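Engineer: Dropping in run-v2.cif, which is mmCIF, C-alpha atoms:
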data_protein
#
loop_
_atom_site.label_atom_id
_atom_site.label_comp_id
_atom_site.auth_asym_id
_atom_site.auth_seq_id
_atom_site.Cartn_x
_atom_site.Cartn_y
_atom_site.Cartn_z
CA MET A 1 -97.06 73.12 -143.09
CA LYS A 2 -97.37 70.40 -140.45
CA LEU A 3 -94.87 69.78 -137.68
CA ARG A 4 -94.03 66.35 -139.06
CA THR A 5 -93.22 67.88 -142.47
CA TYR A 6 -90.83 70.33 -140.83
CA LEU A 7 -89.04 67.48 -139.04
CA VAL A 8 -88.76 65.38 -142.22
CA LEU A 9 -87.38 68.33 -144.19
CA SER A 10 -84.84 69.09 -141.47
CA SER A 11 -83.67 65.45 -141.49
CA LEU A 12 -83.41 65.41 -145.29
CA LEU A 13 -81.43 68.62 -145.20
CA GLY A 14 -79.03 67.19 -142.62
CA ILE A 15 -78.51 63.95 -144.59
CA GLY A 16 -78.06 65.89 -147.84
CA VAL A 17 -75.39 68.11 -146.27
CA LEU A 18 -73.59 65.04 -144.90
CA LEU A 19 -73.62 63.26 -148.29
CA ILE A 20 -72.33 66.37 -150.03
CA CYS A 21 -69.49 66.51 -147.51
CA LEU A 22 -68.66 62.86 -148.24
CA PHE A 23 -68.53 63.44 -152.00
CA ILE A 24 -66.36 66.52 -151.53
CA SER A 25 -64.02 64.48 -149.31
CA TYR A 26 -63.86 61.78 -152.00
CA SER A 27 -63.17 64.33 -154.73
CA LYS A 28 -60.34 65.77 -152.67
CA MET A 29 -58.90 62.27 -152.30
CA LEU A 30 -59.53 62.29 -148.56
CA LEU A 31 -61.61 59.11 -148.84
CA THR A 32 -61.31 55.97 -150.91
CA ILE A 33 -64.22 54.72 -152.97
CA GLU A 34 -64.78 51.89 -150.51
CA GLN A 35 -64.94 54.29 -147.57
CA LEU A 36 -67.31 56.50 -149.52
CA TYR A 37 -69.67 53.56 -150.11
CA TRP A 38 -69.57 52.51 -146.48
CA LEU A 39 -70.11 56.01 -145.14
CA SER A 40 -72.85 56.73 -147.68
CA GLY A 41 -74.63 53.48 -146.80
CA ILE A 42 -74.39 54.21 -143.08
CA THR A 43 -75.68 57.75 -143.61
CA THR A 44 -78.61 56.47 -145.70
CA GLY A 45 -79.43 53.83 -143.07
CA VAL A 46 -79.33 56.38 -140.29
CA GLY A 47 -81.62 58.61 -142.38
CA VAL A 48 -84.17 55.82 -142.86
CA LEU A 49 -84.04 54.99 -139.14
CA SER A 50 -84.48 58.69 -138.36
CA PHE A 51 -87.61 58.83 -140.53
CA VAL A 52 -89.09 55.80 -138.75
CA LEU A 53 -88.29 57.20 -135.29
CA GLN A 54 -89.73 60.60 -136.21
CA TYR A 55 -92.93 59.00 -137.46
CA VAL A 56 -93.32 56.97 -134.27
CA LEU A 57 -92.29 59.70 -131.83
CA THR A 58 -94.16 62.57 -133.45
CA LYS A 59 -97.46 60.68 -133.61
CA PRO A 60 -98.33 61.39 -129.92
CA LEU A 61 -97.26 65.00 -130.38
CA GLU A 62 -99.54 65.36 -133.36
CA LYS A 63 -102.43 63.80 -131.46
CA SER A 64 -101.86 66.14 -128.51
CA ILE A 65 -101.81 69.18 -130.78
CA SER A 66 -104.95 67.93 -132.55
CA ARG A 67 -106.76 67.57 -129.21
CA ILE A 68 -105.80 71.06 -128.11
CA THR A 69 -106.85 72.42 -131.52
CA GLU A 70 -110.19 70.62 -131.30
CA HIS A 71 -110.90 71.95 -127.81
CA THR A 72 -109.77 75.44 -128.85
CA ILE A 73 -112.41 75.40 -131.59
CA ARG A 74 -115.04 74.35 -129.03
CA VAL A 75 -113.99 77.22 -126.76
CA ALA A 76 -114.20 79.64 -129.70
CA GLU A 77 -117.76 78.42 -130.28
CA GLY A 78 -118.66 79.22 -126.66
CA ASP A 79 -118.31 75.79 -125.03
CA PHE A 80 -116.10 76.41 -122.00
CA ARG A 81 -116.95 73.15 -120.25
CA THR A 82 -114.20 71.33 -122.07
CA GLU A 83 -111.08 69.67 -120.72
CA VAL A 84 -107.99 68.46 -122.56
CA PRO A 85 -106.61 65.12 -121.30
CA LEU A 86 -103.25 65.44 -119.53
CA ILE A 87 -101.32 62.98 -121.69
CA GLY A 88 -98.18 63.13 -123.79
CA PRO A 89 -94.81 64.74 -123.03
CA ARG A 90 -94.41 66.92 -119.95
CA GLU A 91 -94.50 70.15 -121.97
CA PHE A 92 -97.80 69.14 -123.60
CA LYS A 93 -99.25 68.11 -120.22
CA LEU A 94 -98.34 71.57 -118.91
CA LEU A 95 -99.89 73.19 -121.98
CA ALA A 96 -103.06 71.10 -121.56
CA GLN A 97 -103.24 72.01 -117.86
CA GLN A 98 -102.92 75.71 -118.60
CA PHE A 99 -105.54 75.38 -121.34
CA ASN A 100 -107.94 73.70 -118.89
CA GLU A 101 -107.34 76.43 -116.31
CA MET A 102 -108.02 79.06 -118.96
CA SER A 103 -111.29 77.35 -119.92
CA CYS A 104 -112.32 77.18 -116.26
CA ARG A 105 -111.61 80.88 -115.72
CA LEU A 106 -113.50 81.79 -118.88
CA GLN A 107 -116.48 79.73 -117.72
CA GLN A 108 -116.40 81.43 -114.32
CA SER A 109 -116.19 84.84 -115.97
CA PHE A 110 -119.16 84.17 -118.23
CA ASP A 111 -121.15 82.70 -115.33
CA HIS A 112 -120.39 85.86 -113.37
CA LEU A 113 -121.47 88.04 -116.30
CA HIS A 114 -124.66 86.03 -116.67
CA HIS A 115 -125.38 86.33 -112.95
CA SER A 116 -124.60 90.06 -113.03
CA GLU A 117 -126.95 90.56 -115.97
CA SER A 118 -129.71 88.64 -114.18
CA ALA A 119 -129.07 90.65 -111.01
CA ARG A 120 -129.18 93.88 -113.02
CA ARG A 121 -132.55 92.98 -114.54
CA GLU A 122 -133.90 91.99 -111.14
CA LEU A 123 -132.56 95.22 -109.62
CA ILE A 124 -134.27 97.34 -112.29
CA ALA A 125 -137.54 95.44 -111.83
CA ASN A 126 -137.46 95.81 -108.05
CA VAL A 127 -136.50 99.50 -108.14
CA SER A 128 -139.26 100.16 -110.67
CA HIS A 129 -141.79 98.36 -108.47
CA ASP A 130 -140.79 100.11 -105.25
CA LEU A 131 -140.66 103.53 -106.91
CA ARG A 132 -143.91 103.07 -108.78
CA THR A 133 -145.96 102.15 -105.70
CA PRO A 134 -145.48 105.39 -103.70
CA LEU A 135 -145.58 107.48 -106.86
CA ALA A 136 -148.93 105.97 -107.83
CA SER A 137 -150.32 106.69 -104.36
CA ILE A 138 -149.05 110.27 -104.44
CA GLN A 139 -150.51 110.82 -107.90
CA ALA A 140 -153.91 109.40 -106.93
CA PHE A 141 -154.25 111.53 -103.80
CA VAL A 142 -152.97 114.68 -105.51
CA GLU A 143 -155.49 114.23 -108.35
CA ALA A 144 -158.25 113.80 -105.80
CA LEU A 145 -157.25 117.02 -104.09
CA GLU A 146 -156.94 118.88 -107.39
CA ASP A 147 -160.42 117.80 -108.48
CA ASP A 148 -161.73 119.35 -105.27
CA VAL A 149 -163.81 116.27 -104.51
CA ILE A 150 -162.71 116.22 -100.87
CA LYS A 151 -164.94 118.50 -98.81
CA ASP A 152 -164.39 117.00 -95.37
CA GLU A 153 -161.50 118.65 -93.49
CA ALA A 154 -160.47 115.42 -91.69
CA THR A 155 -160.33 113.50 -94.98
CA PHE A 156 -158.42 116.37 -96.57
CA GLN A 157 -155.80 116.27 -93.81
CA ARG A 158 -155.63 112.47 -94.03
CA TYR A 159 -154.89 112.71 -97.75
CA LEU A 160 -152.16 115.25 -97.11
CA ASN A 161 -150.67 113.05 -94.40
CA THR A 162 -150.67 110.06 -96.76
CA ILE A 163 -148.89 112.13 -99.41
CA ARG A 164 -146.31 113.18 -96.82
CA LEU A 165 -145.73 109.57 -95.69
CA GLU A 166 -145.41 108.27 -99.25
CA THR A 167 -143.00 111.09 -100.10
CA LYS A 168 -140.93 110.21 -97.04
CA ARG A 169 -140.99 106.55 -98.06
CA LEU A 170 -139.86 107.46 -101.56
CA GLY A 171 -137.05 109.61 -100.18
CA GLY A 172 -135.95 106.79 -97.89
CA LEU A 173 -135.75 104.34 -100.79
CA ILE A 174 -133.68 106.76 -102.85
CA GLN A 175 -131.39 107.39 -99.86
CA ASP A 176 -130.95 103.63 -99.31
CA LEU A 177 -130.02 103.18 -102.97
CA PHE A 178 -127.52 106.00 -102.71
CA ASP A 179 -126.01 104.63 -99.50
CA LEU A 180 -125.70 101.11 -100.91
CA SER A 181 -124.06 102.43 -104.07
CA SER A 182 -121.63 104.53 -102.02
CA LEU A 183 -120.72 101.60 -99.79
CA GLU A 184 -120.10 99.26 -102.71
CA ALA A 185 -117.99 101.91 -104.43
CA GLN A 186 -116.33 102.75 -101.09
CA GLY A 187 -117.18 106.38 -101.66
CA GLU A 188 -117.78 107.21 -98.01
CA PRO A 189 -114.87 108.06 -95.70
CA PHE A 190 -113.82 105.06 -93.65
CA ASP A 191 -111.75 105.66 -90.54
CA PRO A 192 -112.51 103.03 -87.86
CA GLN A 193 -111.65 103.89 -84.29
CA PRO A 194 -111.54 101.73 -81.14
CA SER A 195 -115.03 101.92 -79.61
CA HIS A 196 -116.92 100.04 -76.92
CA VAL A 197 -119.78 97.79 -77.94
CA ASP A 198 -121.81 98.41 -74.77
CA GLU A 199 -122.10 102.09 -75.70
CA LEU A 200 -123.24 101.09 -79.19
CA LEU A 201 -125.92 98.76 -77.78
CA LEU A 202 -127.26 101.24 -75.24
CA GLY A 203 -127.26 104.16 -77.68
CA THR A 204 -129.16 102.16 -80.29
CA LEU A 205 -131.69 100.85 -77.78
CA GLU A 206 -132.41 104.37 -76.62
CA SER A 207 -133.41 105.30 -80.17
CA PHE A 208 -135.98 102.48 -80.21
CA SER A 209 -137.38 102.98 -76.72
CA PHE A 210 -140.74 104.26 -78.06
CA HIS A 211 -141.18 101.35 -80.48
CA LEU A 212 -140.26 98.82 -77.78
CA ALA A 213 -142.73 100.33 -75.33
CA GLU A 214 -145.45 100.55 -77.98
CA LYS A 215 -145.23 96.82 -78.63
CA GLN A 216 -144.57 96.00 -74.95
CA LEU A 217 -141.38 94.13 -75.75
CA ASN A 218 -138.84 93.12 -73.14
CA VAL A 219 -135.15 93.62 -73.87
CA GLU A 220 -132.38 91.57 -72.30
CA ILE A 221 -128.71 92.53 -72.66
CA GLU A 222 -126.08 89.87 -72.03
CA LEU A 223 -122.53 91.19 -71.76
CA PRO A 224 -119.43 89.76 -70.08
CA ASP A 225 -117.81 91.69 -67.22
CA ARG A 226 -114.92 92.73 -69.44
CA LEU A 227 -115.20 93.25 -73.16
CA PRO A 228 -112.40 94.72 -75.32
CA ALA A 229 -112.98 97.62 -77.66
CA ALA A 230 -113.70 96.93 -81.34
CA MET A 231 -112.49 98.76 -84.43
CA MET A 232 -115.50 100.48 -85.98
CA VAL A 233 -117.07 103.61 -87.35
CA PRO A 234 -119.76 104.06 -84.65
CA ALA A 235 -122.28 105.82 -86.89
CA GLN A 236 -122.12 103.06 -89.51
CA MET A 237 -122.30 100.24 -86.97
CA LYS A 238 -125.25 101.92 -85.28
CA ARG A 239 -127.03 101.73 -88.61
CA VAL A 240 -126.30 97.99 -88.80
CA LEU A 241 -127.56 97.36 -85.28
CA SER A 242 -130.57 99.63 -85.85
CA ASN A 243 -131.57 97.62 -88.90
CA LEU A 244 -131.33 94.31 -87.03
CA LEU A 245 -133.17 95.70 -84.02
CA GLN A 246 -135.89 97.22 -86.19
CA ASN A 247 -136.47 93.86 -87.89
CA ALA A 248 -136.56 92.12 -84.50
CA ILE A 249 -139.19 94.60 -83.23
CA GLN A 250 -141.23 94.32 -86.41
CA TYR A 251 -141.42 90.54 -86.46
CA SER A 252 -141.66 89.93 -82.71
CA SER A 253 -144.96 89.10 -81.11
CA PRO A 254 -146.31 91.66 -78.62
CA GLU A 255 -144.93 91.23 -75.09
CA GLY A 256 -142.13 89.07 -76.45
CA THR A 257 -138.43 89.28 -75.62
CA ILE A 258 -135.51 90.57 -77.66
CA THR A 259 -132.03 89.58 -76.51
CA LEU A 260 -128.84 91.49 -77.33
CA THR A 261 -125.55 89.70 -76.70
CA ALA A 262 -121.88 90.49 -77.23
CA THR A 263 -119.12 87.93 -76.82
CA GLU A 264 -115.42 87.76 -77.58
CA GLN A 265 -114.39 85.10 -80.08
CA GLY A 266 -110.66 85.16 -80.69
CA SER A 267 -109.73 88.36 -82.48
CA PHE A 268 -113.38 89.30 -83.12
CA LEU A 269 -116.40 90.45 -81.16
CA ARG A 270 -119.72 88.81 -81.99
CA ILE A 271 -122.86 90.90 -81.55
CA ALA A 272 -126.22 89.15 -81.88
CA VAL A 273 -129.88 90.23 -81.89
CA THR A 274 -132.28 87.40 -81.05
CA ASP A 275 -136.07 87.63 -81.29
CA GLN A 276 -138.99 85.30 -80.59
CA GLY A 277 -140.80 85.99 -83.83
CA GLU A 278 -142.06 83.72 -86.58
CA GLY A 279 -138.61 82.69 -87.78
CA ILE A 280 -137.39 82.25 -91.33
CA GLU A 281 -137.50 79.27 -93.66
CA ALA A 282 -134.11 77.64 -94.30
CA GLU A 283 -134.19 78.47 -98.03
CA GLU A 284 -134.89 82.11 -97.23
CA THR A 285 -131.82 82.56 -95.01
CA THR A 286 -129.46 82.00 -97.94
CA ARG A 287 -130.90 84.98 -99.84
CA ILE A 288 -132.03 87.34 -97.11
CA PHE A 289 -128.97 89.61 -97.48
CA GLU A 290 -129.49 90.09 -101.22
CA ARG A 291 -130.54 93.51 -102.47
CA PHE A 292 -134.33 93.93 -102.69
CA TYR A 293 -134.95 90.40 -101.46
CA ARG A 294 -137.88 90.23 -99.09
CA ILE A 295 -139.57 87.33 -97.37
CA ASP A 296 -142.86 89.09 -98.01
CA LYS A 297 -143.35 88.20 -101.68
CA ALA A 298 -146.31 90.59 -101.91
CA ARG A 299 -143.94 93.45 -100.99
CA SER A 300 -146.63 95.07 -98.85
CA LYS A 301 -145.92 98.29 -97.01
CA SER A 302 -146.96 96.75 -93.70
CA ASN A 303 -144.12 94.22 -93.72
CA GLY A 304 -140.91 96.15 -94.12
CA GLY A 305 -139.20 98.44 -96.56
CA ALA A 306 -137.65 97.87 -99.94
CA GLY A 307 -135.35 95.04 -98.90
CA LEU A 308 -132.16 97.10 -98.85
CA GLY A 309 -131.51 97.30 -95.10
CA LEU A 310 -129.77 93.95 -94.71
CA ALA A 311 -127.78 94.45 -97.92
CA ILE A 312 -126.52 97.78 -96.57
CA ALA A 313 -125.74 96.15 -93.21
CA GLN A 314 -123.75 93.42 -94.94
CA SER A 315 -121.73 95.96 -96.94
CA ILE A 316 -120.91 97.93 -93.78
CA VAL A 317 -119.88 94.88 -91.76
CA GLU A 318 -117.75 93.42 -94.55
CA ARG A 319 -116.05 96.79 -95.02
CA HIS A 320 -115.10 96.61 -91.34
CA GLY A 321 -113.54 93.21 -91.95
CA GLY A 322 -116.29 91.25 -90.21
CA GLU A 323 -119.05 88.85 -91.17
CA ILE A 324 -122.82 88.91 -90.85
CA GLY A 325 -125.30 86.06 -90.81
CA VAL A 326 -128.55 84.66 -89.48
CA GLN A 327 -129.61 81.53 -87.63
CA SER A 328 -133.32 80.86 -87.69
CA THR A 329 -135.89 78.11 -87.35
CA LYS A 330 -139.41 78.57 -88.61
CA GLY A 331 -141.70 79.21 -85.64
CA GLU A 332 -138.85 79.64 -83.15
CA GLY A 333 -137.50 83.12 -83.86
CA SER A 334 -134.30 84.38 -85.46
CA CYS A 335 -130.79 85.35 -84.40
CA PHE A 336 -129.02 87.90 -86.56
CA TRP A 337 -125.32 88.31 -85.76
CA PHE A 338 -122.26 90.15 -87.00
CA THR A 339 -118.61 90.32 -86.02
CA LEU A 340 -116.11 93.15 -85.61
CA PRO A 341 -112.31 92.98 -85.25
CA VAL A 342 -111.02 93.52 -81.72
CA TYR A 343 -108.84 96.55 -81.10
CA ALA A 344 -105.31 95.18 -80.68
CA THR A 345 -103.42 97.03 -77.97
CA CYS A 346 -99.62 97.17 -78.14
#
Written as structure tokens, that's how I'd like the structure from this file.
Structural biologist:
Amino acid sequence: MKLRTYLVLSSLLGIGVLLICLFISYSKMLLTIEQLYWLSGITTGVGVLSFVLQYVLTKPLEKSISRITEHTIRVAEGDFRTEVPLIGPREFKLLAQQFNEMSCRLQQSFDHLHHSESARRELIANVSHDLRTPLASIQAFVEALEDDVIKDEATFQRYLNTIRLETKRLGGLIQDLFDLSSLEAQGEPFDPQPSHVDELLLGTLESFSFHLAEKQLNVEIELPDRLPAAMMVPAQMKRVLSNLLQNAIQYSSPEGTITLTATEQGSFLRIAVTDQGEGIEAEETTRIFERFYRIDKARSKSNGGAGLGLAIAQSIVERHGGEIGVQSTKGEGSCFWFTLPVYATC
């Protein structure tokens, strides 16, 4: 039954009750026949006027309900890009606004699900590719050794060394996947302590002294005279800095310069690693922190790992309450930076 029918029936019921009361009053001699006619005529006139007013006033309400019903059907069919006009009485405007907000949230949820599904498929494809490559190499070299076709001792040892390196690479990929999963699930203990950034920089550089010397790279450290401590888990932040420094070494030209800087910016410390390498295209910088994303589309072993290092670094930094980013111009090098909250002394 429609809303308008309910209103008409309620009006008819009210008029009927009033007329019955008038006839009862007349039968009890409380009213004269003339008064009964007058009151009955007035009641009938008011009833007719009420019908007209209800028809006029309920028309916008009916239209508003019809619009919401129409858009609800579209939402049920999967079209969330729909919006009900904010017209009619205040209550219906509020209802339409809430309906539009619901449609927007549903669209965002489905977009997120679609993106997650695409990311899941891409993740599976990338993991399969990066696992298959070392496994194929290991299988090929093992089969060669099993067939006893290698008679030269130097070649035999080279095959064994290749198997060892590919096994190490495979173990590193699995460990990176485990670490990234643990960070996203916050499965690792997290207890940041006030620590000094200069110690972090020097300790990390010491770990890369051989690689820096091998490529004849110069390192410049720019620190202010006084730098407050930052809240961090030193082992985790060393991994972040190690990843950025490793990338800088890898993509720097021989005899180039790598610059490490730390500056205070409000309630955060900003640590940056700047190289003089090839730089990164602008469209690449927006995706470089995605899991398994690599600038090297061929995914060759000579140009980096599986593309998980920066994703892990981003998870660690964001867990510390900081941000991570990159500024780069093709042909002019790159500057990777991240921030850490300053230790607030009482």
Engineer: What does the distance from atom CA of A:Ile65 to atom CA of A:Arg90 come to in Å, to one decimal?
Structural biologist: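 If I compute the distance from atom CA of A:Ile65 to atom CA of A:Arg90, I get 13.3 Å.
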Engineer: Quick one: which residues end up in the PyMOL selection byres ((chain A and resi 240) around 12) for this structure, as number ranges by chain?
Structural biologist: A: 200-201, 204, 232-239, 241-247, 271-273, 308-318, 320, 323-324, 336-340
Engineer: Run the PyMOL selection byres ((chain A and resi 103) around 12) against the file shown and list the residues it catches, as a list in words.
Structural biologist: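 So the PyMOL selection byres ((chain A and resi 103) around 12), applied here, picks out Ile68, His71, Thr72, Ile73, Arg74, Val75, Ala76, Gly78, Asp79, Phe80, Arg81, Thr82, Glu83, Val84, Ala96, Gln97, Gln98, Phe99, Asn100, Glu101, Met102, Cys104, Arg105, Leu106, Gln107, Gln108, Ser109 and Phe110 of chain A.
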Engineer: What separation in Å, quoted to one decimal, exists between atom CA of A:Ala229 and atom CA of A:Leu205?
Structural biologist: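 Atom CA of A:Leu205 lies at a distance of 19.0 Å from atom CA of A:Ala229.
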Engineer: Which polymer residues have any atom within 7 Å of an atom of A:Pro341, counting all atoms listed in the file, with same-chain residues fewer than 6 positions away left out, as a ChimeraX atom specification?
Structural biologist: /A:230-231,267-269,321-322
Engineer: Separation of atom CA of A:Lys215 and atom CA of A:Pro254, in Å?
Structural biologist: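 Computing it gives 5.3 Å between the two atoms.
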Engineer: Would you translate the PyMOL selection byres ((chain A and resi 220) around 6) into the concrete set of residues it matches in this file, as JSON, numbers by chain?
Structural biologist: {"A": [219, 221, 259]}
Engineer: Extract, using only C-alpha atoms, all DNA, RNA and protein residues at most 12 Å from A:Ala140, discarding same-chain residues fewer than 6 positions from it, and format them as number ranges by chain.
Structural biologist: A: 132-134, 146-147, 159-160, 162-163, 166
Engineer: Looking at A:Ser40, A:Gln193, A:Gln157, A:Ser66, which one is nearest to A:Ile20, with distances taken over only C-alpha atoms?
Structural biologist: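 Counting only C-alpha atoms, the residue closest to A:Ile20 is A:Ser40.
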Engineer: Nearest to A:Gly266 among A:Glu290, A:Arg319, A:Leu19, A:Ala344, with distances taken over only C-alpha atoms: which residue is it?
Structural biologist: A:Ala344
Engineer: My list of candidates is A:Ile42, A:Val342, A:Leu260, A:Leu53. Which is closest to A:Pro192 when distances are computed with only C-alpha atoms?
Structural biologist: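 Looking at the shortest contact to A:Pro192, the residue is A:Val342.
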Engineer: What would the list of residues within 12 Å of (-75.6, 59.5, -143.8) (file frame) look like as a PyMOL selection string, if only C-alpha atoms are what count?
Structural biologist: chain A and resi 11-23+36-50
Engineer: Have a look at A:Asp152, A:Glu222, A:Glu281, A:Glu70 and name the one nearest to A:Leu202; count all atoms listed in the file.
Structural biologist: A:Glu222
